[in-house]
$ cat structure.cif   # mmCIF, C-alpha atoms
data_work
loop_
_atom_site.label_atom_id
_atom_site.label_comp_id
_atom_site.auth_asym_id
_atom_site.auth_seq_id
_atom_site.Cartn_x
_atom_site.Cartn_y
_atom_site.Cartn_z
CA MET Y 1 0.27 7.31 15.40
CA PRO Y 2 -2.39 9.16 17.38
CA THR Y 3 -3.30 7.76 20.76
CA ALA Y 4 -6.28 5.41 20.55
CA LEU Y 5 -9.47 6.71 22.07
CA PRO Y 6 -10.93 4.87 25.07
CA GLY Y 7 -14.13 2.97 25.57
CA VAL Y 8 -16.84 3.20 22.94
CA LEU Y 9 -14.63 5.39 20.74
CA ALA Y 10 -11.78 2.88 20.50
CA ARG Y 11 -10.96 1.58 17.02
CA SER Y 12 -8.46 -0.81 15.53
CA THR Y 13 -5.70 0.74 13.42
CA ILE Y 14 -4.31 -0.05 9.98
CA VAL Y 15 -0.99 1.27 8.64
CA LEU Y 16 -0.17 1.48 4.93
CA PHE Y 17 3.56 1.93 4.26
CA GLY Y 18 4.92 2.44 0.78
CA ASP Y 19 5.90 4.81 -2.00
CA SER Y 20 3.67 6.89 -4.26
CA LEU Y 21 1.54 3.86 -5.10
CA THR Y 22 0.45 3.98 -1.47
CA GLN Y 23 0.45 7.77 -1.15
CA ARG Y 24 -1.91 8.02 -4.12
CA GLY Y 25 -4.16 5.39 -2.63
CA PHE Y 26 -6.29 8.13 -1.09
CA GLU Y 27 -7.02 9.67 -4.48
CA PRO Y 28 -10.59 9.45 -5.80
CA GLU Y 29 -11.25 5.75 -6.48
CA GLY Y 30 -8.05 4.97 -4.56
CA TRP Y 31 -7.39 1.53 -3.12
CA ALA Y 32 -6.55 2.95 0.31
CA ALA Y 33 -9.74 4.98 0.31
CA ALA Y 34 -11.67 1.80 -0.52
CA LEU Y 35 -9.96 0.09 2.42
CA ALA Y 36 -10.93 2.94 4.75
CA HIS Y 37 -14.50 2.70 3.50
CA TYR Y 38 -14.56 -1.06 4.03
CA TYR Y 39 -13.48 -0.66 7.66
CA GLY Y 40 -15.56 2.45 8.29
CA ARG Y 41 -16.33 2.99 12.00
CA ARG Y 42 -14.29 -0.12 12.80
CA ALA Y 43 -10.67 0.78 12.05
CA ASP Y 44 -8.71 3.94 11.29
CA VAL Y 45 -6.48 3.73 8.23
CA TYR Y 46 -3.20 5.66 8.34
CA ASN Y 47 -1.68 6.25 4.92
CA ARG Y 48 2.09 6.50 5.20
CA GLY Y 49 2.95 6.55 1.52
CA TYR Y 50 6.02 8.56 0.48
CA GLY Y 51 6.26 9.46 -3.19
CA GLY Y 52 9.62 8.69 -4.77
CA TYR Y 53 10.89 6.61 -1.84
CA ASN Y 54 12.81 3.39 -2.10
CA THR Y 55 13.46 0.81 0.61
CA ARG Y 56 16.81 2.39 1.53
CA TRP Y 57 15.05 5.56 2.61
CA ALA Y 58 11.95 3.83 3.95
CA ARG Y 59 14.08 1.65 6.19
CA GLU Y 60 15.09 4.79 8.06
CA LEU Y 61 11.45 5.65 8.77
CA ALA Y 62 10.29 2.18 9.73
CA PRO Y 63 11.49 2.10 13.39
CA ALA Y 64 9.42 5.18 14.26
CA LEU Y 65 6.48 4.18 12.08
CA PHE Y 66 6.29 0.70 13.55
CA ALA Y 67 6.99 1.60 17.16
CA ARG Y 68 4.76 -0.24 19.61
CA PRO Y 69 1.53 1.75 20.10
CA PRO Y 70 1.34 3.39 23.56
CA GLN Y 71 -1.44 1.08 24.67
CA GLY Y 72 0.47 -1.97 23.48
CA GLN Y 73 -2.38 -2.98 21.16
CA ALA Y 74 -1.18 -4.34 17.85
CA HIS Y 75 -2.33 -2.78 14.60
CA LEU Y 76 -4.99 -4.85 12.89
CA LEU Y 77 -3.12 -4.74 9.58
CA ALA Y 78 -0.05 -3.29 7.94
CA THR Y 79 0.65 -3.22 4.21
CA VAL Y 80 4.17 -2.86 2.82
CA TRP Y 81 4.42 -1.86 -0.85
CA PHE Y 82 7.84 -0.98 -2.23
CA GLY Y 83 9.96 -1.86 -5.24
CA ALA Y 84 8.65 0.39 -7.99
CA ASN Y 85 11.41 2.94 -7.38
CA ASP Y 86 14.09 0.50 -6.23
CA ALA Y 87 13.70 -1.23 -9.61
CA CYS Y 88 14.57 1.79 -11.76
CA ILE Y 89 17.81 1.71 -13.75
CA SER Y 90 21.09 2.22 -11.90
CA THR Y 91 21.62 5.77 -13.18
CA GLU Y 92 18.46 6.92 -11.38
CA ARG Y 93 18.89 8.25 -7.85
CA ALA Y 94 16.20 5.98 -6.39
CA HIS Y 95 17.76 2.75 -7.67
CA VAL Y 96 18.51 0.09 -5.06
CA PRO Y 97 20.32 -3.12 -6.08
CA LEU Y 98 18.28 -6.29 -5.74
CA LEU Y 99 20.24 -7.78 -2.83
CA GLU Y 100 20.04 -4.56 -0.85
CA PHE Y 101 16.34 -4.28 -1.65
CA GLU Y 102 15.83 -7.73 -0.17
CA ALA Y 103 17.73 -6.84 3.02
CA ASN Y 104 15.91 -3.52 3.39
CA LEU Y 105 12.50 -5.05 2.81
CA GLU Y 106 13.28 -7.81 5.27
CA THR Y 107 14.09 -5.25 7.95
CA ILE Y 108 10.90 -3.28 7.26
CA VAL Y 109 8.75 -6.39 7.30
CA GLN Y 110 10.30 -7.67 10.54
CA GLN Y 111 9.51 -4.36 12.23
CA ALA Y 112 5.96 -4.36 10.90
CA ARG Y 113 5.44 -7.92 12.10
CA GLN Y 114 6.25 -6.86 15.67
CA VAL Y 115 3.33 -4.43 15.87
CA ALA Y 116 0.69 -5.72 13.42
CA ARG Y 117 -1.53 -8.78 13.61
CA VAL Y 118 -1.33 -9.25 9.85
CA VAL Y 119 1.22 -7.90 7.36
CA VAL Y 120 0.48 -7.91 3.64
CA VAL Y 121 3.45 -7.45 1.32
CA MET Y 122 2.57 -6.14 -2.13
CA THR Y 123 4.62 -6.43 -5.32
CA PRO Y 124 5.26 -3.55 -7.75
CA PRO Y 125 2.99 -3.39 -10.79
CA PRO Y 126 4.18 -4.07 -14.33
CA VAL Y 127 5.39 -1.08 -16.33
CA HIS Y 128 4.01 0.01 -19.70
CA GLY Y 129 7.07 1.24 -21.59
CA PRO Y 130 5.38 3.29 -24.34
CA SER Y 131 3.40 5.22 -21.73
CA ARG Y 132 6.56 5.87 -19.71
CA LEU Y 133 8.26 7.34 -22.78
CA ALA Y 134 5.23 9.45 -23.67
CA TYR Y 135 5.13 10.76 -20.09
CA GLN Y 136 8.84 11.52 -20.27
CA LYS Y 137 8.31 13.62 -23.40
CA ARG Y 138 5.40 15.49 -21.81
CA LYS Y 139 7.41 16.25 -18.69
CA TYR Y 140 10.86 17.01 -20.11
CA GLY Y 141 10.24 17.96 -23.74
CA ALA Y 142 13.51 18.24 -25.63
CA ARG Y 143 15.41 17.07 -22.55
CA ALA Y 144 13.71 13.65 -22.61
CA THR Y 145 16.33 10.90 -22.85
CA GLY Y 146 14.14 8.37 -24.65
CA VAL Y 147 15.47 5.71 -22.27
CA GLU Y 148 12.99 3.56 -20.37
CA GLU Y 149 14.10 3.92 -16.75
CA ARG Y 150 11.75 1.14 -15.58
CA SER Y 151 10.54 -2.12 -17.11
CA THR Y 152 8.09 -4.91 -16.39
CA GLU Y 153 10.88 -7.48 -16.50
CA VAL Y 154 12.95 -5.80 -13.81
CA ALA Y 155 9.93 -4.92 -11.68
CA GLY Y 156 9.06 -8.62 -11.80
CA ARG Y 157 12.44 -9.55 -10.31
CA TYR Y 158 11.86 -7.19 -7.41
CA GLY Y 159 8.38 -8.63 -7.03
CA ASP Y 160 9.82 -12.14 -6.83
CA VAL Y 161 12.11 -11.00 -4.03
CA ALA Y 162 9.21 -9.36 -2.21
CA ALA Y 163 7.28 -12.62 -2.44
CA ARG Y 164 10.20 -14.55 -0.94
CA VAL Y 165 10.53 -12.08 1.93
CA ALA Y 166 6.82 -12.35 2.64
CA GLY Y 167 7.03 -16.14 2.70
CA ARG Y 168 10.04 -16.20 5.01
CA HIS Y 169 8.32 -14.03 7.59
CA GLY Y 170 4.84 -15.47 7.53
CA CYS Y 171 3.30 -12.47 5.78
CA ALA Y 172 0.44 -12.51 3.34
CA LEU Y 173 1.25 -11.63 -0.26
CA LEU Y 174 -0.73 -9.55 -2.71
CA ASP Y 175 1.13 -10.18 -5.94
CA VAL Y 176 -0.08 -7.12 -7.83
CA HIS Y 177 2.51 -7.71 -10.54
CA GLN Y 178 1.40 -11.21 -11.49
CA LEU Y 179 -2.29 -10.52 -10.94
CA MET Y 180 -2.18 -7.65 -13.40
CA LEU Y 181 -0.20 -9.58 -15.99
CA ARG Y 182 -2.93 -12.20 -16.10
CA GLU Y 183 -5.21 -9.58 -17.64
CA ALA Y 184 -4.76 -9.04 -21.39
CA ASP Y 185 -5.48 -5.34 -21.04
CA TRP Y 186 -3.30 -4.78 -17.96
CA PRO Y 187 -1.64 -1.61 -19.37
CA ARG Y 188 -4.84 0.31 -18.65
CA TYR Y 189 -4.25 -0.32 -14.94
CA VAL Y 190 -1.08 1.81 -15.10
CA GLY Y 191 -2.57 4.58 -17.18
CA ALA Y 192 -2.04 3.45 -20.77
CA GLY Y 193 -4.53 5.18 -23.04
CA THR Y 194 -5.31 7.97 -20.59
CA GLU Y 195 -4.29 11.58 -21.06
CA ASP Y 196 -2.16 11.78 -17.92
CA GLY Y 197 -1.15 8.12 -17.55
CA ASP Y 198 2.56 7.46 -17.05
CA GLY Y 199 2.77 3.67 -17.36
CA LEU Y 200 3.64 3.17 -13.69
CA HIS Y 201 1.12 4.82 -11.39
CA LEU Y 202 -2.35 3.41 -11.06
CA SER Y 203 -5.19 4.74 -13.16
CA GLY Y 204 -8.71 4.75 -11.75
CA ALA Y 205 -9.10 1.25 -13.16
CA GLY Y 206 -5.83 0.21 -11.53
CA GLN Y 207 -6.87 1.62 -8.18
CA ARG Y 208 -10.12 -0.34 -8.34
CA PHE Y 209 -8.23 -3.47 -9.39
CA VAL Y 210 -5.89 -3.32 -6.39
CA ALA Y 211 -8.77 -2.53 -4.04
CA GLU Y 212 -10.78 -5.48 -5.33
CA LYS Y 213 -7.90 -7.93 -4.93
CA LEU Y 214 -6.95 -6.66 -1.47
CA LEU Y 215 -10.51 -6.65 -0.17
CA ALA Y 216 -10.96 -10.21 -1.45
CA LEU Y 217 -7.80 -11.30 0.39
CA LEU Y 218 -8.60 -9.80 3.79
CA PRO Y 219 -11.40 -12.16 4.86
CA THR Y 220 -9.09 -15.12 4.19
CA LEU Y 221 -6.69 -13.62 6.73
CA GLY Y 222 -9.30 -13.34 9.47
CA LEU Y 223 -9.87 -9.64 8.81
CA ASP Y 224 -13.49 -9.61 7.69
CA ARG Y 225 -14.97 -6.32 8.87
CA ASP Y 226 -18.05 -8.05 10.21
CA ALA Y 227 -15.87 -9.64 12.87
CA LEU Y 228 -14.95 -6.17 14.22
CA ALA Y 229 -17.06 -4.11 16.55
CA TYR Y 230 -17.93 -0.60 15.41
CA ASP Y 231 -16.82 2.23 17.65
CA ALA Y 232 -20.07 3.74 18.95
CA PRO Y 233 -23.77 2.96 18.70
CA TRP Y 234 -25.48 3.67 15.38
CA GLY Y 235 -27.80 6.64 15.46
CA PHE Y 236 -30.92 4.49 15.60
CA GLU Y 237 -29.49 2.72 18.67
CA VAL Y 238 -29.07 5.90 20.73
CA ASP Y 239 -31.76 6.62 23.30
CA ALA Y 240 -32.90 10.08 22.21
CA ASN Y 241 -34.22 10.86 25.69
CA GLU Y 242 -31.25 9.49 27.64
CA PRO Y 243 -28.28 9.60 25.24
CA ALA Y 244 -25.66 9.40 27.99
CA ALA Y 245 -26.72 5.87 28.83
CA SER Y 246 -26.12 4.81 25.22
CA LEU Y 247 -22.88 6.71 24.72
CA ARG Y 248 -21.09 6.33 28.06
CA ALA Y 249 -17.49 5.29 27.56
#

$ encode --input "structure.cif" --output "structure tokens"
Amino acid sequence: MPTALPGVLARSTIVLFGDSLTQRGFEPEGWAAALAHYYGRRADVYNRGYGGYNTRWARELAPALFARPPQGQAHLLATVWFGANDACISTERAHVPLLEFEANLETIVQQARQVARVVVVMTPPPVHGPSRLAYQKRKYGARATGVEERSTEVAGRYGDVAARVAGRHGCALLDVHQLMLREADWPRYVGAGTEDGDGLHLSGAGQRFVAEKLLALLPTLGLDRDALAYDAPWGFEVDANEPAASLRA
């Protein structure tokens, strides 16, 4: 993480750790972009999403990612969102068995808890099988296996484990999986009905859905942006004749 700036330029920091669901959060309409907008001029959001990663690989990155900041100031917030790749079928290279997933996630969460005021654990979204198969055919053509390598049922099991880990360690939970399933038209959140949807990654509607649910959760955790100072005077507050007096660190 970059060194925090001093004085009037100091900001809180937020770290987002996950797989492609996090990495893609800075896409147009992305949930991470919405978070950065919400905390604009109050906190810097660092997106550490790694497409294709599972908790086995992420666990190796966590000690460096969640090292104590040089100034010793805790991050305002960390999100941890894994399981979508761990939950693929055992013949896929990213598969991680459920018990190992739990141990890995526990380690990651414990490290995040040491350096963040609040940790939000997120569960993997449901999977729309027909869209996964259609994506497979688009990508691999005649080499497509026709086998669904992910499913809502299995993703739900990994989500249940993530929820237990969050509870054991005093973390907040954003249960994306169950929240989406409450919506009759949830497949649209993972790209069903769109030209490039793959049944797993978030569509624009899915990005907005996650952003809405996360932003609604944050104030309940004491993270309302209005409670945070912004990092320098607004333009109308600067003395145009003596700016140094307004902007001195």

$ closest_residue --input "structure.cif" --among "Y:Asn104, Y:Asn47, Y:Asn54, Y:Gln136" --to "Y:Val161" --atoms "all atoms listed in the file"
Y:Asn104

$ residues_around --input "structure.cif" --residues "Y:Ala166" --least-positions-apart "5" --cutoff "8 Å" --atoms "only C-alpha atoms" --output "ChimeraX atom specification"
/Y:109,120-121,171-173

$ resolve_selection --input "structure.cif" --expression "the PyMOL selection byres ((chain Y and resi 212-219) around 9)" --output "ChimeraX atom specification"
/Y:31,34-35,38,172,174,176,179,207-211,220-225

$ atom_distance --input "structure.cif" --atom1 "atom CA of Y:Ile89" --atom2 "atom CA of Y:Glu149"
5.3 Å

$ atom_distance --input "structure.cif" --atom1 "atom CA of Y:Gly156" --atom2 "atom CA of Y:Asp196"
24.1 Å

$ resolve_selection --input "structure.cif" --expression "the PyMOL selection byres ((chain Y and resi 106) around 12)" --output "number ranges by chain"
Y: 55-56, 58-59, 62, 80, 82, 99-105, 107-113, 121, 161-171

$ residues_around --input "structure.cif" --residues "Y:Ser12" --least-positions-apart "3" --cutoff "8 Å" --atoms "only C-alpha atoms" --output "number ranges by chain"
Y: 42-44, 75-76

$ atom_distance --input "structure.cif" --atom1 "atom CA of Y:Arg188" --atom2 "atom CA of Y:Thr79"
23.8 Å

$ resolve_selection --input "structure.cif" --expression "the PyMOL selection byres ((chain Y and resi 78) around 6)" --output "JSON, numbers by chain"
{"Y": [14, 15, 16, 77, 79, 119]}

$ build_atoms --input "structure.cif" --residues "stretch 217-249 of chain Y" --atoms "N, CA and C atoms" --output "mmCIF file, keeping the file's coordinate frame"
data_model
loop_
_atom_site.group_PDB
_atom_site.id
_atom_site.type_symbol
_atom_site.label_atom_id
_atom_site.label_comp_id
_atom_site.auth_asym_id
_atom_site.auth_seq_id
_atom_site.Cartn_x
_atom_site.Cartn_y
_atom_site.Cartn_z
ATOM 1 N N LEU Y 217 -8.801 -10.563 -0.405
ATOM 2 C CA LEU Y 217 -7.800 -11.300 0.390
ATOM 3 C C LEU Y 217 -8.071 -11.207 1.886
ATOM 4 N N LEU Y 218 -8.521 -10.058 2.352
ATOM 5 C CA LEU Y 218 -8.600 -9.800 3.790
ATOM 6 C C LEU Y 218 -9.441 -10.817 4.564
ATOM 7 N N PRO Y 219 -10.629 -11.182 4.094
ATOM 8 C CA PRO Y 219 -11.400 -12.160 4.860
ATOM 9 C C PRO Y 219 -10.686 -13.503 5.031
ATOM 10 N N THR Y 220 -9.837 -13.867 4.079
ATOM 11 C CA THR Y 220 -9.090 -15.120 4.190
ATOM 12 C C THR Y 220 -8.013 -15.045 5.252
ATOM 13 N N LEU Y 221 -7.711 -13.837 5.701
ATOM 14 C CA LEU Y 221 -6.690 -13.620 6.730
ATOM 15 C C LEU Y 221 -7.311 -13.368 8.098
ATOM 16 N N GLY Y 222 -8.610 -13.584 8.209
ATOM 17 C CA GLY Y 222 -9.300 -13.340 9.470
ATOM 18 C C GLY Y 222 -9.612 -11.891 9.722
ATOM 19 N N LEU Y 223 -9.672 -11.086 8.657
ATOM 20 C CA LEU Y 223 -9.870 -9.640 8.810
ATOM 21 C C LEU Y 223 -11.179 -9.168 8.197
ATOM 22 N N ASP Y 224 -12.177 -10.023 8.171
ATOM 23 C CA ASP Y 224 -13.490 -9.610 7.690
ATOM 24 C C ASP Y 224 -14.027 -8.518 8.613
ATOM 25 N N ARG Y 225 -14.513 -7.442 8.044
ATOM 26 C CA ARG Y 225 -14.970 -6.320 8.870
ATOM 27 C C ARG Y 225 -16.122 -6.697 9.784
ATOM 28 N N ASP Y 226 -16.909 -7.680 9.393
ATOM 29 C CA ASP Y 226 -18.050 -8.050 10.210
ATOM 30 C C ASP Y 226 -17.637 -8.683 11.527
ATOM 31 N N ALA Y 227 -16.371 -9.078 11.622
ATOM 32 C CA ALA Y 227 -15.870 -9.640 12.870
ATOM 33 C C ALA Y 227 -15.409 -8.551 13.841
ATOM 34 N N LEU Y 228 -15.418 -7.287 13.392
ATOM 35 C CA LEU Y 228 -14.950 -6.170 14.220
ATOM 36 C C LEU Y 228 -16.136 -5.374 14.749
ATOM 37 N N ALA Y 229 -16.022 -4.970 15.975
ATOM 38 C CA ALA Y 229 -17.060 -4.110 16.550
ATOM 39 C C ALA Y 229 -16.909 -2.700 15.986
ATOM 40 N N TYR Y 230 -18.026 -2.018 15.784
ATOM 41 C CA TYR Y 230 -17.930 -0.600 15.410
ATOM 42 C C TYR Y 230 -17.778 0.226 16.671
ATOM 43 N N ASP Y 231 -17.385 1.486 16.523
ATOM 44 C CA ASP Y 231 -16.820 2.230 17.650
ATOM 45 C C ASP Y 231 -17.816 2.987 18.512
ATOM 46 N N ALA Y 232 -19.050 3.066 18.146
ATOM 47 C CA ALA Y 232 -20.070 3.740 18.950
ATOM 48 C C ALA Y 232 -21.417 3.282 18.410
ATOM 49 N N PRO Y 233 -22.461 3.401 19.187
ATOM 50 C CA PRO Y 233 -23.770 2.960 18.700
ATOM 51 C C PRO Y 233 -24.173 3.700 17.427
ATOM 52 N N TRP Y 234 -24.889 3.010 16.534
ATOM 53 C CA TRP Y 234 -25.480 3.670 15.380
ATOM 54 C C TRP Y 234 -26.546 4.652 15.866
ATOM 55 N N GLY Y 235 -26.853 5.621 15.048
ATOM 56 C CA GLY Y 235 -27.800 6.640 15.460
ATOM 57 C C GLY Y 235 -29.127 6.084 15.916
ATOM 58 N N PHE Y 236 -29.624 5.050 15.237
ATOM 59 C CA PHE Y 236 -30.920 4.490 15.600
ATOM 60 C C PHE Y 236 -30.872 3.736 16.925
ATOM 61 N N GLU Y 237 -29.632 3.446 17.408
ATOM 62 C CA GLU Y 237 -29.490 2.720 18.670
ATOM 63 C C GLU Y 237 -29.409 3.656 19.878
ATOM 64 N N VAL Y 238 -29.223 4.946 19.634
ATOM 65 C CA VAL Y 238 -29.070 5.900 20.730
ATOM 66 C C VAL Y 238 -30.444 6.247 21.305
ATOM 67 N N ASP Y 239 -30.537 6.211 22.613
ATOM 68 C CA ASP Y 239 -31.760 6.620 23.300
ATOM 69 C C ASP Y 239 -31.857 8.139 23.210
ATOM 70 N N ALA Y 240 -32.798 8.638 22.429
ATOM 71 C CA ALA Y 240 -32.900 10.080 22.210
ATOM 72 C C ALA Y 240 -33.207 10.833 23.492
ATOM 73 N N ASN Y 241 -33.867 10.196 24.444
ATOM 74 C CA ASN Y 241 -34.220 10.860 25.690
ATOM 75 C C ASN Y 241 -33.107 10.783 26.731
ATOM 76 N N GLU Y 242 -32.345 9.673 26.690
ATOM 77 C CA GLU Y 242 -31.250 9.490 27.640
ATOM 78 C C GLU Y 242 -29.993 9.084 26.871
ATOM 79 N N PRO Y 243 -29.412 9.996 26.079
ATOM 80 C CA PRO Y 243 -28.280 9.600 25.240
ATOM 81 C C PRO Y 243 -27.053 9.171 26.028
ATOM 82 N N ALA Y 244 -26.863 9.737 27.220
ATOM 83 C CA ALA Y 244 -25.660 9.400 27.990
ATOM 84 C C ALA Y 244 -25.577 7.912 28.285
ATOM 85 N N ALA Y 245 -26.719 7.294 28.522
ATOM 86 C CA ALA Y 245 -26.720 5.870 28.830
ATOM 87 C C ALA Y 245 -26.232 5.047 27.635
ATOM 88 N N SER Y 246 -26.528 5.512 26.434
ATOM 89 C CA SER Y 246 -26.120 4.810 25.220
ATOM 90 C C SER Y 246 -24.663 5.068 24.863
ATOM 91 N N LEU Y 247 -24.173 6.253 25.233
ATOM 92 C CA LEU Y 247 -22.880 6.710 24.720
ATOM 93 C C LEU Y 247 -21.792 6.734 25.779
ATOM 94 N N ARG Y 248 -22.075 6.269 26.977
ATOM 95 C CA ARG Y 248 -21.090 6.330 28.060
ATOM 96 C C ARG Y 248 -19.898 5.458 27.710
ATOM 97 N N ALA Y 249 -18.721 6.027 27.861
ATOM 98 C CA ALA Y 249 -17.490 5.290 27.560
ATOM 99 C C ALA Y 249 -17.232 4.215 28.606
#
